[in-house]
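Shown below: my_file_12.cif, with mmCIF, C-alpha atoms.
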```cif
data_final
#
loop_
_atom_site.label_atom_id
_atom_site.label_comp_id
_atom_site.auth_asym_id
_atom_site.auth_seq_id
_atom_site.Cartn_x
_atom_site.Cartn_y
_atom_site.Cartn_z
CA MET A 1 0.00 0.00 0.00
CA GLN A 2 1.72 3.20 -1.18
CA PHE A 3 0.79 6.73 -0.14
CA ARG A 4 1.66 9.89 -2.09
CA THR A 5 1.01 12.83 0.17
CA ASN A 6 2.48 16.05 1.53
CA LEU A 7 1.06 15.35 4.99
CA LYS A 8 3.57 14.94 7.80
CA GLY A 9 3.57 14.19 11.50
CA ASP A 10 1.76 11.84 13.84
CA ILE A 11 -1.76 10.38 13.49
CA ASP A 12 -3.44 13.17 15.43
CA ASN A 13 -1.63 15.87 13.46
CA ILE A 14 -2.46 14.24 10.13
CA LEU A 15 -6.13 14.13 11.05
CA ASN A 16 -6.06 17.77 12.11
CA CYS A 17 -4.44 18.68 8.79
CA LEU A 18 -7.09 16.79 6.87
CA ILE A 19 -9.92 18.48 8.77
CA PHE A 20 -8.23 21.84 8.23
CA MET A 21 -7.98 21.18 4.50
CA ASP A 22 -11.60 20.10 4.47
CA ASP A 23 -12.63 23.43 5.99
CA LEU A 24 -10.56 25.32 3.45
CA ASN A 25 -12.03 23.41 0.54
CA LYS A 26 -15.51 24.22 1.79
CA ASN A 27 -14.61 27.91 1.53
CA GLY A 28 -14.47 28.21 5.29
CA SER A 29 -12.87 31.20 6.92
CA LEU A 30 -10.38 30.17 9.61
CA TYR A 31 -8.69 32.63 11.92
CA ILE A 32 -5.52 32.08 13.94
CA ASP A 33 -4.18 35.02 15.93
CA GLY A 34 -6.43 37.33 13.96
CA HIS A 35 -5.21 36.17 10.55
CA ASP A 36 -7.60 34.73 7.99
CA LEU A 37 -6.14 31.46 6.68
CA SER A 38 -8.84 30.73 4.11
CA SER A 39 -6.64 31.98 1.30
CA ILE A 40 -4.10 29.19 1.82
CA GLU A 41 -4.07 26.89 -1.17
CA ALA A 42 -4.80 23.26 -0.36
CA THR A 43 -6.34 20.65 -2.58
CA ASN A 44 -7.94 17.33 -1.84
CA SER A 45 -5.51 15.58 -4.18
CA GLU A 46 -2.66 16.28 -1.76
CA ALA A 47 -4.22 13.88 0.72
CA SER A 48 -5.96 11.35 -1.51
CA GLY A 49 -2.95 9.27 -2.48
CA SER A 50 -4.00 5.64 -2.89
CA PHE A 51 -7.42 6.21 -1.35
CA GLY A 52 -10.43 6.40 -3.61
CA SER A 53 -11.34 9.89 -2.47
CA TYR A 54 -10.52 12.62 0.00
CA GLU A 55 -13.47 11.46 2.14
CA GLU A 56 -11.97 7.98 2.31
CA THR A 57 -8.70 9.46 3.49
CA LEU A 58 -10.38 11.52 6.20
CA ASN A 59 -12.54 8.59 7.36
CA PHE A 60 -9.55 6.24 7.46
CA PHE A 61 -7.62 8.50 9.83
CA LYS A 62 -10.70 9.15 11.95
CA ASP A 63 -11.24 5.40 12.32
CA LEU A 64 -7.54 4.83 12.92
CA LYS A 65 -7.44 7.45 15.68
CA THR A 66 -10.46 5.87 17.40
CA ILE A 67 -9.04 2.35 17.17
CA LEU A 68 -5.60 3.35 18.45
CA SER A 69 -7.08 5.36 21.32
CA ASP A 70 -9.46 2.57 22.34
CA ASN A 71 -6.55 0.13 22.41
CA HIS A 72 -4.29 2.30 24.61
CA ILE A 73 -1.85 3.08 21.78
CA PRO A 74 -0.31 6.59 21.72
CA LEU A 75 -1.21 8.68 18.68
CA ASN A 76 2.35 9.95 18.21
CA ILE A 77 3.03 7.37 15.50
CA ASN A 78 4.59 9.02 12.44
CA PHE A 79 2.33 7.19 10.04
CA PHE A 80 4.10 8.12 6.80
CA GLU A 81 7.51 7.22 8.23
CA LEU A 82 6.45 3.65 8.96
CA PRO A 83 7.66 0.86 6.67
CA ASP A 84 5.13 -0.38 4.12
CA LYS A 85 4.46 -3.58 6.06
CA ASP A 86 3.43 -1.58 9.15
CA ILE A 87 1.17 0.69 7.11
CA GLN A 88 -0.41 -2.41 5.59
CA GLN A 89 -0.99 -3.84 9.08
CA LEU A 90 -2.74 -0.63 10.17
CA ASN A 91 -4.81 -0.65 6.99
CA ASP A 92 -5.81 -4.29 7.65
CA LEU A 93 -6.64 -3.40 11.27
CA VAL A 94 -9.01 -0.60 10.24
CA ASN A 95 -10.62 -2.78 7.58
CA ASN A 96 -11.14 -5.56 10.13
CA TYR A 97 -13.07 -3.19 12.38
CA ILE A 98 -15.15 -1.75 9.52
CA PHE A 99 -15.73 -5.03 7.67
CA PRO A 100 -15.42 -7.87 10.23
CA GLY A 101 -14.57 -11.12 8.49
CA GLU A 102 -14.54 -14.69 9.73
CA ASP A 103 -14.08 -15.59 13.39
CA ARG A 104 -10.38 -15.54 14.20
CA LEU A 105 -7.65 -14.20 16.47
CA MET A 106 -5.27 -11.85 14.65
CA LYS A 107 -2.10 -10.14 15.79
CA TYR A 108 -1.38 -6.80 14.15
CA GLU A 109 2.25 -5.65 14.35
CA PHE A 110 3.17 -2.00 13.76
CA ALA A 111 5.36 0.77 15.20
CA GLY A 112 6.78 -1.60 17.82
CA TYR A 113 3.36 -2.73 19.07
CA ILE A 114 1.51 -6.04 18.77
CA LEU A 115 -2.25 -5.79 19.05
CA PRO A 116 -4.14 -9.11 19.57
CA ILE A 117 -7.62 -8.65 18.11
CA LEU A 118 -10.45 -11.20 18.21
CA THR A 119 -13.32 -11.30 15.74
CA VAL A 120 -16.41 -13.29 16.83
CA ASN A 121 -19.84 -13.08 15.20
CA LYS A 122 -18.86 -9.79 13.50
CA ASN A 123 -17.78 -8.32 16.84
CA VAL A 124 -14.21 -7.03 16.88
CA MET A 125 -12.44 -6.63 20.22
CA ASN A 126 -9.07 -6.56 21.91
CA ILE A 127 -8.55 -9.77 23.90
CA PHE A 128 -7.75 -7.58 26.91
CA ASP A 129 -11.18 -5.94 26.90
CA ASP A 130 -12.77 -6.12 30.36
CA ASN A 131 -15.84 -8.12 29.35
CA ILE A 132 -14.44 -10.41 26.70
CA VAL A 133 -14.53 -13.53 28.90
CA ASN A 134 -18.20 -12.85 29.71
CA GLN A 135 -19.05 -12.23 26.06
CA VAL A 136 -17.21 -15.09 24.36
CA ILE A 137 -16.77 -18.76 25.25
CA PHE A 138 -13.34 -20.15 24.36
CA TYR A 139 -12.37 -23.77 23.91
CA ILE A 140 -9.31 -25.86 23.23
CA LYS A 141 -9.71 -29.19 21.47
CA VAL A 142 -8.37 -32.26 23.31
CA ASN A 143 -8.96 -35.79 22.01
CA GLU A 144 -11.95 -34.68 19.92
CA GLU A 145 -13.45 -32.91 22.94
CA PHE A 146 -13.71 -29.17 23.54
CA ILE A 147 -12.54 -27.89 26.93
CA ASN A 148 -13.50 -24.46 28.20
CA ALA A 149 -10.45 -22.15 28.15
CA VAL A 150 -9.50 -18.46 27.89
CA PRO A 151 -7.98 -16.55 24.94
CA TYR A 152 -4.85 -15.73 26.91
CA VAL A 153 -3.47 -19.26 26.43
CA PHE A 154 -2.55 -18.09 22.91
CA LEU A 155 -0.25 -15.33 24.18
CA ASP A 156 3.45 -15.73 23.53
CA ALA A 157 6.30 -13.79 25.12
CA LYS A 158 6.75 -11.50 22.10
CA THR A 159 3.10 -10.43 22.17
CA ILE A 160 3.21 -9.92 25.94
CA ILE A 161 6.23 -7.63 25.61
CA HIS A 162 4.86 -5.54 22.75
CA ALA A 163 1.18 -5.37 23.72
CA PRO A 164 0.34 -1.73 24.49
CA PHE A 165 -1.93 -2.78 27.34
CA ILE A 166 -2.35 -5.99 29.36
CA ASN A 167 -5.42 -6.46 31.51
CA TYR A 168 -3.82 -8.33 34.43
CA LEU A 169 -7.04 -8.40 36.43
CA ALA A 170 -9.03 -9.92 33.55
CA ILE A 171 -6.44 -12.70 33.16
CA ARG A 172 -6.46 -13.46 36.88
CA GLU A 173 -10.26 -13.52 37.13
CA SER A 174 -10.80 -15.57 33.97
CA ILE A 175 -8.51 -18.38 35.16
CA LYS A 176 -10.40 -18.71 38.44
CA ASN A 177 -13.43 -20.01 36.51
CA LEU A 178 -11.63 -22.83 34.67
CA ASN A 179 -11.61 -26.53 35.43
CA LEU A 180 -7.88 -26.85 36.01
CA GLU A 181 -8.18 -30.51 36.94
CA GLN A 182 -7.95 -31.13 33.19
CA ILE A 183 -4.28 -31.96 32.55
CA GLU A 184 -4.29 -30.50 29.01
CA LEU A 185 -5.77 -27.22 30.21
CA ARG A 186 -3.42 -27.20 33.19
CA GLU A 187 -0.48 -27.49 30.79
CA SER A 188 -1.82 -24.62 28.65
CA ILE A 189 -2.21 -22.38 31.70
CA THR A 190 1.27 -23.37 32.92
CA TRP A 191 2.66 -22.44 29.51
CA LEU A 192 0.96 -19.04 29.79
CA ALA A 193 2.75 -18.46 33.11
CA LEU A 194 6.07 -19.52 31.55
CA ASN A 195 5.55 -17.04 28.71
CA PHE A 196 5.13 -14.23 31.22
CA ILE A 197 8.38 -15.39 32.85
CA ARG A 198 10.06 -15.35 29.41
CA ALA A 199 8.77 -11.82 28.86
CA TYR A 200 10.13 -10.75 32.26
CA ASP A 201 13.58 -12.09 31.40
CA GLN A 202 13.68 -9.74 28.42
CA ILE A 203 12.38 -6.49 29.92
CA GLU A 204 12.25 -7.17 33.70
CA LYS A 205 8.74 -5.87 34.24
CA THR A 206 7.81 -7.04 37.74
CA GLU A 207 4.10 -7.22 36.89
CA PHE A 208 4.92 -10.12 34.56
CA LEU A 209 6.43 -12.16 37.39
CA ASP A 210 3.61 -11.27 39.76
CA LEU A 211 1.02 -12.44 37.25
CA ALA A 212 2.95 -15.63 36.44
CA TYR A 213 3.04 -16.54 40.13
CA ASP A 214 -0.67 -15.77 40.58
CA ILE A 215 -1.49 -17.97 37.58
CA LEU A 216 0.47 -20.89 39.05
CA GLU A 217 -1.22 -20.36 42.42
CA GLU A 218 -4.55 -21.20 40.76
CA LEU A 219 -3.38 -24.69 39.78
CA PRO A 220 -4.80 -27.32 42.15
CA GLU A 221 -3.02 -30.30 43.67
CA SER A 222 -2.50 -33.05 41.11
CA ASN A 223 -0.33 -36.13 40.69
CA GLU A 224 3.21 -36.16 42.06
CA GLU A 225 4.84 -35.30 38.75
CA GLN A 226 2.58 -32.28 38.20
CA ASN A 227 3.04 -31.11 41.79
CA ILE A 228 6.82 -31.21 41.46
CA ARG A 229 6.71 -29.28 38.15
CA LEU A 230 4.48 -26.70 39.83
CA LEU A 231 6.94 -26.37 42.72
CA ILE A 232 9.83 -25.90 40.28
CA ASN A 233 7.99 -23.22 38.30
CA LYS A 234 7.04 -21.29 41.42
CA ALA A 235 10.58 -21.60 42.75
CA GLN A 236 12.12 -20.20 39.56
CA ILE A 237 9.97 -17.09 40.02
CA LEU A 238 11.08 -16.79 43.64
CA LYS A 239 14.70 -17.22 42.58
CA ARG A 240 14.33 -14.33 40.14
CA ARG A 241 12.86 -12.25 42.97
CA ARG A 242 15.71 -13.37 45.25
CA ARG A 243 13.14 -14.75 47.67
CA MET A 244 14.23 -18.37 47.90
CA SER A 245 13.53 -19.04 51.57
CA PRO A 246 14.89 -22.04 53.55
CA ILE A 247 11.40 -23.55 53.35
CA VAL A 248 11.48 -23.44 49.55
CA TYR A 249 14.91 -25.10 49.52
CA GLN A 250 13.61 -27.77 51.87
CA ASP A 251 10.58 -28.41 49.63
CA LEU A 252 12.87 -28.75 46.61
CA LEU A 253 15.14 -31.23 48.39
CA MET A 254 12.14 -33.29 49.46
CA ALA A 255 10.86 -33.26 45.88
CA LEU A 256 14.28 -34.44 44.73
CA ASP A 257 13.82 -37.59 46.78
CA ASN A 258 10.46 -38.18 45.10
CA CYS A 259 11.57 -37.87 41.46
CA LYS A 260 14.48 -40.29 41.25
CA ASN A 261 13.18 -41.61 37.91
CA ASP A 262 12.48 -38.16 36.46
CA THR A 263 15.76 -36.66 35.27
CA PHE A 264 13.99 -33.60 33.83
CA SER A 265 12.61 -32.61 37.24
CA GLN A 266 15.93 -33.47 38.88
CA PHE A 267 17.68 -31.18 36.41
CA GLY A 268 15.30 -28.31 37.24
CA ILE A 269 15.73 -28.75 41.00
CA TYR A 270 19.53 -28.93 40.81
CA LEU A 271 19.49 -25.71 38.75
CA LEU A 272 17.42 -23.95 41.40
CA ILE A 273 19.61 -25.06 44.29
CA ASP A 274 22.80 -24.16 42.35
CA ASP A 275 24.31 -27.65 42.19
CA ASN A 276 26.19 -27.05 38.94
CA VAL A 277 28.01 -30.35 39.08
CA LYS A 278 24.75 -32.32 39.00
CA VAL A 279 23.30 -29.94 36.39
CA LYS A 280 26.17 -30.60 33.98
CA GLU A 281 26.13 -34.31 34.73
CA ILE A 282 22.42 -34.66 33.88
CA PHE A 283 22.50 -32.26 30.92
CA LYS A 284 25.10 -34.42 29.19
CA THR A 285 22.68 -37.38 29.25
CA PHE A 286 20.02 -35.55 27.20
CA ASP A 287 19.91 -35.91 23.44
CA GLU A 288 20.48 -32.84 21.26
CA ASN A 289 16.78 -32.20 20.59
CA PHE A 290 15.93 -32.28 24.29
CA LYS A 291 18.87 -30.00 25.05
CA LYS A 292 17.46 -27.47 22.55
CA TYR A 293 14.04 -27.76 24.20
CA ILE A 294 15.51 -27.07 27.64
CA LEU A 295 17.47 -24.07 26.36
CA GLU A 296 14.18 -22.56 25.17
CA LEU A 297 12.61 -22.86 28.64
CA PRO A 298 12.82 -19.84 30.97
CA ILE A 299 14.55 -21.93 33.67
CA SER A 300 17.59 -22.16 31.37
CA VAL A 301 18.49 -18.59 32.42
CA PHE A 302 20.06 -20.16 35.53
CA MET A 303 22.32 -22.46 33.53
CA ASP A 304 26.05 -21.88 33.28
CA SER A 305 26.95 -20.00 30.10
CA SER A 306 29.14 -22.90 28.95
CA LEU A 307 26.03 -25.11 28.69
CA ARG A 308 24.02 -22.49 26.81
CA GLU A 309 26.55 -21.99 24.04
#
```

Whole structure given in structure tokens:
Amino acid sequence: MQFRTNLKGDIDNILNCLIFMDDLNKNGSLYIDGHDLSSIEATNSEASGSFGSYEETLNFFKDLKTILSDNHIPLNINFFELPDKDIQQLNDLVNNYIFPGEDRLMKYEFAGYILPILTVNKNVMNIFDDNIVNQVIFYIKVNEEFINAVPYVFLDAKTIIHAPFINYLAIRESIKNLNLEQIELRESITWLALNFIRAYDQIEKTEFLDLAYDILEELPESNEEQNIRLLINKAQILKRRRRMSPIVYQDLLMALDNCKNDTFSQFGIYLLIDDNVKVKEIFKTFDENFKKYILELPISVFMDSSLRE
């Protein structure tokens, strides 16, 4: 999508310029500091560019301003300085709101932001809207069955980092209503917590760690393997906060005695209690694919640099 225009500046300024030009072209008389500006030459063609008409141009920027404002995105985006792919994303975003298509979750990336937008029954909304969980029922498919879930299980660390706004309260409240006895759903919710930990490791926003811990707190008691994994994930948050108390160490050591046949859990516990000898010893036993998998997990941040190379 190419634009040929003399307009400059951010979204708000562009819209103001367009409205100003509109007034001039309607033979309006505008005064600033006592000076009549109606004699300034301005033509619709300067703003039309690839749009079908001047009205289309004006409406596009009006819609864009509304959408950005509603989604907590600052209007100081220099629209015409964005790369073509970002402009196309904004164009697609506006079109999605005006002409809702099929039901889907889309992520629009532009100007350093990622905006997760859900379309359901011709309704278009940000997944962080306050009432989205009350308005839409979400499912994940497990063994040909649909299990009630929340849209946040689709968040990855990149989206979390670049989302202009995250509704922490909505995430917390929505998870409280799930049947977390379901192992598959439990794993999805655990993965959501891990993605917030991943996001924290990149920009150290404490709210990410707080939310990750609150998410894990909602998981109920399960089988021994799941309980140990839960303990490890909570402990890695506490270790990042430098709040590993003697009680946590004791719980980890007790768990170590209960997972003698689970080298993955042993590896995680030894990492958390800083037993680098055991960590290296176990890591060498893993095949290359499993090593790559571990290096992608947030707990790998505690590994010695020699193992992460």

Residues of stretch 174-193 of chain A at most 12 Å from stretch 229-235 of chain A: nearest atom pair and distance in Å, all atoms listed in the file, as a tab-separated table:
```
residue	atom	partner	partner_atom	distance
A:Arg186	CA	A:Leu230	CA	10.3
A:Glu187	CA	A:Leu230	CA	10.3
A:Ile189	CA	A:Leu230	CA	11.4
A:Thr190	CA	A:Leu230	CA	8.3
A:Trp191	CA	A:Asn233	CA	10.3
A:Leu192	CA	A:Asn233	CA	11.8
A:Ala193	CA	A:Asn233	CA	8.8
```

Chain and number of each residue from the PyMOL selection byres ((chain A and resi 91) around 12), as an NGL selection string: :A and (1-3 or 50-51 or 57 or 60-61 or 63-64 or 67 or 79 or 84-90 or 92-99 or 108-110)

Separation of atom CA of A:Asn126 from atom CA of A:Tyr54 in Å: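 Computing the Euclidean distance for atom CA of A:Tyr54 and atom CA of A:Asn126 yields 29.2 Å.
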
Reference answer for the PyMOL selection byres ((chain A and resi 119-122) around 8), as a count of residues only: 12

Answer key for the PyMOL selection byres ((chain A and resi 247-261) around 12), residues as JSON, numbers by chain: {"A": [223, 224, 225, 226, 227, 228, 229, 230, 231, 232, 233, 234, 235, 236, 237, 238, 239, 242, 243, 244, 245, 246, 262, 263, 264, 265, 266, 267, 268, 269, 270, 271, 272, 273, 274, 275]}

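For the atom pair formed by atom CA of A:Glu296 and atom CA of A:Arg308, the distance is 10.0 Å, given to one decimal.
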
Pairwise distance for atom CA of A:Val150 and atom CA of A:Asn134, rounded to one decimal in Å: 10.5 Å

Written record: stretch 52-65 of chain A, all heavy atoms, as a PDB file, in the first residue's frame:
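Contents of decode20.pdb, as written:
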```
ATOM      1  N   GLY A  52      -9.527   6.112  -2.504  1.00  0.00           N
ATOM      2  CA  GLY A  52     -10.433   6.401  -3.607  1.00  0.00           C
ATOM      3  C   GLY A  52     -10.874   7.846  -3.655  1.00  0.00           C
ATOM      4  O   GLY A  52     -11.207   8.361  -4.720  1.00  0.00           O
ATOM      5  N   SER A  53     -10.881   8.512  -2.519  1.00  0.00           N
ATOM      6  CA  SER A  53     -11.338   9.891  -2.471  1.00  0.00           C
ATOM      7  C   SER A  53     -10.790  10.566  -1.223  1.00  0.00           C
ATOM      8  O   SER A  53     -10.259   9.904  -0.325  1.00  0.00           O
ATOM      9  CB  SER A  53     -12.869   9.948  -2.444  1.00  0.00           C
ATOM     10  OG  SER A  53     -13.357   9.402  -1.227  1.00  0.00           O
ATOM     11  N   TYR A  54     -10.946  11.885  -1.191  1.00  0.00           N
ATOM     12  CA  TYR A  54     -10.521  12.621  -0.003  1.00  0.00           C
ATOM     13  C   TYR A  54     -11.325  12.168   1.210  1.00  0.00           C
ATOM     14  O   TYR A  54     -10.779  12.022   2.307  1.00  0.00           O
ATOM     15  CB  TYR A  54     -10.722  14.123  -0.235  1.00  0.00           C
ATOM     16  CG  TYR A  54     -10.547  14.927   1.027  1.00  0.00           C
ATOM     17  CD1 TYR A  54      -9.266  15.234   1.489  1.00  0.00           C
ATOM     18  CD2 TYR A  54     -11.636  15.347   1.771  1.00  0.00           C
ATOM     19  CE1 TYR A  54      -9.088  15.943   2.657  1.00  0.00           C
ATOM     20  CE2 TYR A  54     -11.466  16.053   2.949  1.00  0.00           C
ATOM     21  CZ  TYR A  54     -10.200  16.352   3.388  1.00  0.00           C
ATOM     22  OH  TYR A  54     -10.032  17.051   4.549  1.00  0.00           O
ATOM     23  N   GLU A  55     -12.621  11.901   1.027  1.00  0.00           N
ATOM     24  CA  GLU A  55     -13.466  11.464   2.141  1.00  0.00           C
ATOM     25  C   GLU A  55     -12.966  10.146   2.719  1.00  0.00           C
ATOM     26  O   GLU A  55     -12.977   9.928   3.933  1.00  0.00           O
ATOM     27  CB  GLU A  55     -14.924  11.328   1.685  1.00  0.00           C
ATOM     28  CG  GLU A  55     -15.651  12.646   1.458  1.00  0.00           C
ATOM     29  CD  GLU A  55     -15.178  13.371   0.201  1.00  0.00           C
ATOM     30  OE1 GLU A  55     -14.614  12.696  -0.700  1.00  0.00           O
ATOM     31  OE2 GLU A  55     -15.349  14.589   0.142  1.00  0.00           O
ATOM     32  N   GLU A  56     -12.519   9.252   1.843  1.00  0.00           N
ATOM     33  CA  GLU A  56     -11.970   7.976   2.314  1.00  0.00           C
ATOM     34  C   GLU A  56     -10.731   8.208   3.177  1.00  0.00           C
ATOM     35  O   GLU A  56     -10.540   7.553   4.206  1.00  0.00           O
ATOM     36  CB  GLU A  56     -11.594   7.080   1.125  1.00  0.00           C
ATOM     37  CG  GLU A  56     -12.738   6.270   0.560  1.00  0.00           C
ATOM     38  CD  GLU A  56     -12.241   5.250  -0.451  1.00  0.00           C
ATOM     39  OE1 GLU A  56     -11.072   4.820  -0.338  1.00  0.00           O
ATOM     40  OE2 GLU A  56     -13.018   4.898  -1.340  1.00  0.00           O
ATOM     41  N   THR A  57      -9.900   9.149   2.731  1.00  0.00           N
ATOM     42  CA  THR A  57      -8.697   9.459   3.493  1.00  0.00           C
ATOM     43  C   THR A  57      -9.047   9.971   4.881  1.00  0.00           C
ATOM     44  O   THR A  57      -8.502   9.519   5.894  1.00  0.00           O
ATOM     45  CB  THR A  57      -7.860  10.530   2.763  1.00  0.00           C
ATOM     46  OG1 THR A  57      -7.728  10.181   1.392  1.00  0.00           O
ATOM     47  CG2 THR A  57      -6.486  10.660   3.399  1.00  0.00           C
ATOM     48  N   LEU A  58      -9.967  10.928   4.920  1.00  0.00           N
ATOM     49  CA  LEU A  58     -10.377  11.517   6.199  1.00  0.00           C
ATOM     50  C   LEU A  58     -10.998  10.461   7.111  1.00  0.00           C
ATOM     51  O   LEU A  58     -10.663  10.371   8.299  1.00  0.00           O
ATOM     52  CB  LEU A  58     -11.379  12.647   5.948  1.00  0.00           C
ATOM     53  CG  LEU A  58     -11.859  13.432   7.171  1.00  0.00           C
ATOM     54  CD1 LEU A  58     -10.687  14.110   7.862  1.00  0.00           C
ATOM     55  CD2 LEU A  58     -12.910  14.454   6.773  1.00  0.00           C
ATOM     56  N   ASN A  59     -11.874   9.628   6.557  1.00  0.00           N
ATOM     57  CA  ASN A  59     -12.538   8.594   7.363  1.00  0.00           C
ATOM     58  C   ASN A  59     -11.542   7.560   7.874  1.00  0.00           C
ATOM     59  O   ASN A  59     -11.669   7.066   9.001  1.00  0.00           O
ATOM     60  CB  ASN A  59     -13.639   7.914   6.553  1.00  0.00           C
ATOM     61  CG  ASN A  59     -14.828   8.820   6.325  1.00  0.00           C
ATOM     62  OD1 ASN A  59     -15.069   9.740   7.117  1.00  0.00           O
ATOM     63  ND2 ASN A  59     -15.566   8.588   5.261  1.00  0.00           N
ATOM     64  N   PHE A  60     -10.553   7.220   7.031  1.00  0.00           N
ATOM     65  CA  PHE A  60      -9.545   6.244   7.455  1.00  0.00           C
ATOM     66  C   PHE A  60      -8.828   6.736   8.702  1.00  0.00           C
ATOM     67  O   PHE A  60      -8.684   6.001   9.684  1.00  0.00           O
ATOM     68  CB  PHE A  60      -8.543   5.994   6.325  1.00  0.00           C
ATOM     69  CG  PHE A  60      -7.367   5.132   6.738  1.00  0.00           C
ATOM     70  CD1 PHE A  60      -7.465   3.750   6.731  1.00  0.00           C
ATOM     71  CD2 PHE A  60      -6.168   5.712   7.150  1.00  0.00           C
ATOM     72  CE1 PHE A  60      -6.397   2.952   7.122  1.00  0.00           C
ATOM     73  CE2 PHE A  60      -5.089   4.924   7.537  1.00  0.00           C
ATOM     74  CZ  PHE A  60      -5.206   3.545   7.523  1.00  0.00           C
ATOM     75  N   PHE A  61      -8.373   7.986   8.684  1.00  0.00           N
ATOM     76  CA  PHE A  61      -7.618   8.496   9.829  1.00  0.00           C
ATOM     77  C   PHE A  61      -8.509   8.741  11.040  1.00  0.00           C
ATOM     78  O   PHE A  61      -8.052   8.617  12.179  1.00  0.00           O
ATOM     79  CB  PHE A  61      -6.841   9.742   9.437  1.00  0.00           C
ATOM     80  CG  PHE A  61      -5.588   9.427   8.643  1.00  0.00           C
ATOM     81  CD1 PHE A  61      -5.564   9.570   7.271  1.00  0.00           C
ATOM     82  CD2 PHE A  61      -4.466   8.935   9.282  1.00  0.00           C
ATOM     83  CE1 PHE A  61      -4.427   9.252   6.550  1.00  0.00           C
ATOM     84  CE2 PHE A  61      -3.322   8.607   8.569  1.00  0.00           C
ATOM     85  CZ  PHE A  61      -3.305   8.766   7.188  1.00  0.00           C
ATOM     86  N   LYS A  62      -9.768   9.058  10.823  1.00  0.00           N
ATOM     87  CA  LYS A  62     -10.703   9.151  11.953  1.00  0.00           C
ATOM     88  C   LYS A  62     -10.868   7.787  12.613  1.00  0.00           C
ATOM     89  O   LYS A  62     -10.806   7.658  13.843  1.00  0.00           O
ATOM     90  CB  LYS A  62     -12.067   9.662  11.466  1.00  0.00           C
ATOM     91  CG  LYS A  62     -12.139  11.157  11.208  1.00  0.00           C
ATOM     92  CD  LYS A  62     -13.555  11.543  10.778  1.00  0.00           C
ATOM     93  CE  LYS A  62     -13.680  13.049  10.560  1.00  0.00           C
ATOM     94  NZ  LYS A  62     -15.042  13.411  10.102  1.00  0.00           N
ATOM     95  N   ASP A  63     -11.079   6.757  11.787  1.00  0.00           N
ATOM     96  CA  ASP A  63     -11.236   5.399  12.321  1.00  0.00           C
ATOM     97  C   ASP A  63      -9.952   4.936  13.001  1.00  0.00           C
ATOM     98  O   ASP A  63      -9.985   4.312  14.072  1.00  0.00           O
ATOM     99  CB  ASP A  63     -11.606   4.426  11.205  1.00  0.00           C
ATOM    100  CG  ASP A  63     -12.998   4.672  10.643  1.00  0.00           C
ATOM    101  OD1 ASP A  63     -13.844   5.205  11.386  1.00  0.00           O
ATOM    102  OD2 ASP A  63     -13.232   4.353   9.466  1.00  0.00           O
ATOM    103  N   LEU A  64      -8.821   5.241  12.376  1.00  0.00           N
ATOM    104  CA  LEU A  64      -7.540   4.825  12.925  1.00  0.00           C
ATOM    105  C   LEU A  64      -7.303   5.473  14.282  1.00  0.00           C
ATOM    106  O   LEU A  64      -6.870   4.808  15.237  1.00  0.00           O
ATOM    107  CB  LEU A  64      -6.407   5.195  11.961  1.00  0.00           C
ATOM    108  CG  LEU A  64      -4.999   4.779  12.383  1.00  0.00           C
ATOM    109  CD1 LEU A  64      -4.899   3.274  12.573  1.00  0.00           C
ATOM    110  CD2 LEU A  64      -3.973   5.255  11.355  1.00  0.00           C
ATOM    111  N   LYS A  65      -7.617   6.763  14.402  1.00  0.00           N
ATOM    112  CA  LYS A  65      -7.440   7.451  15.683  1.00  0.00           C
ATOM    113  C   LYS A  65      -8.300   6.806  16.773  1.00  0.00           C
ATOM    114  O   LYS A  65      -7.835   6.571  17.893  1.00  0.00           O
ATOM    115  CB  LYS A  65      -7.801   8.927  15.547  1.00  0.00           C
ATOM    116  CG  LYS A  65      -7.683   9.684  16.861  1.00  0.00           C
ATOM    117  CD  LYS A  65      -7.990  11.163  16.714  1.00  0.00           C
ATOM    118  CE  LYS A  65      -7.863  11.872  18.063  1.00  0.00           C
ATOM    119  NZ  LYS A  65      -8.111  13.329  17.967  1.00  0.00           N
TER     120      LYS A  65
END
```
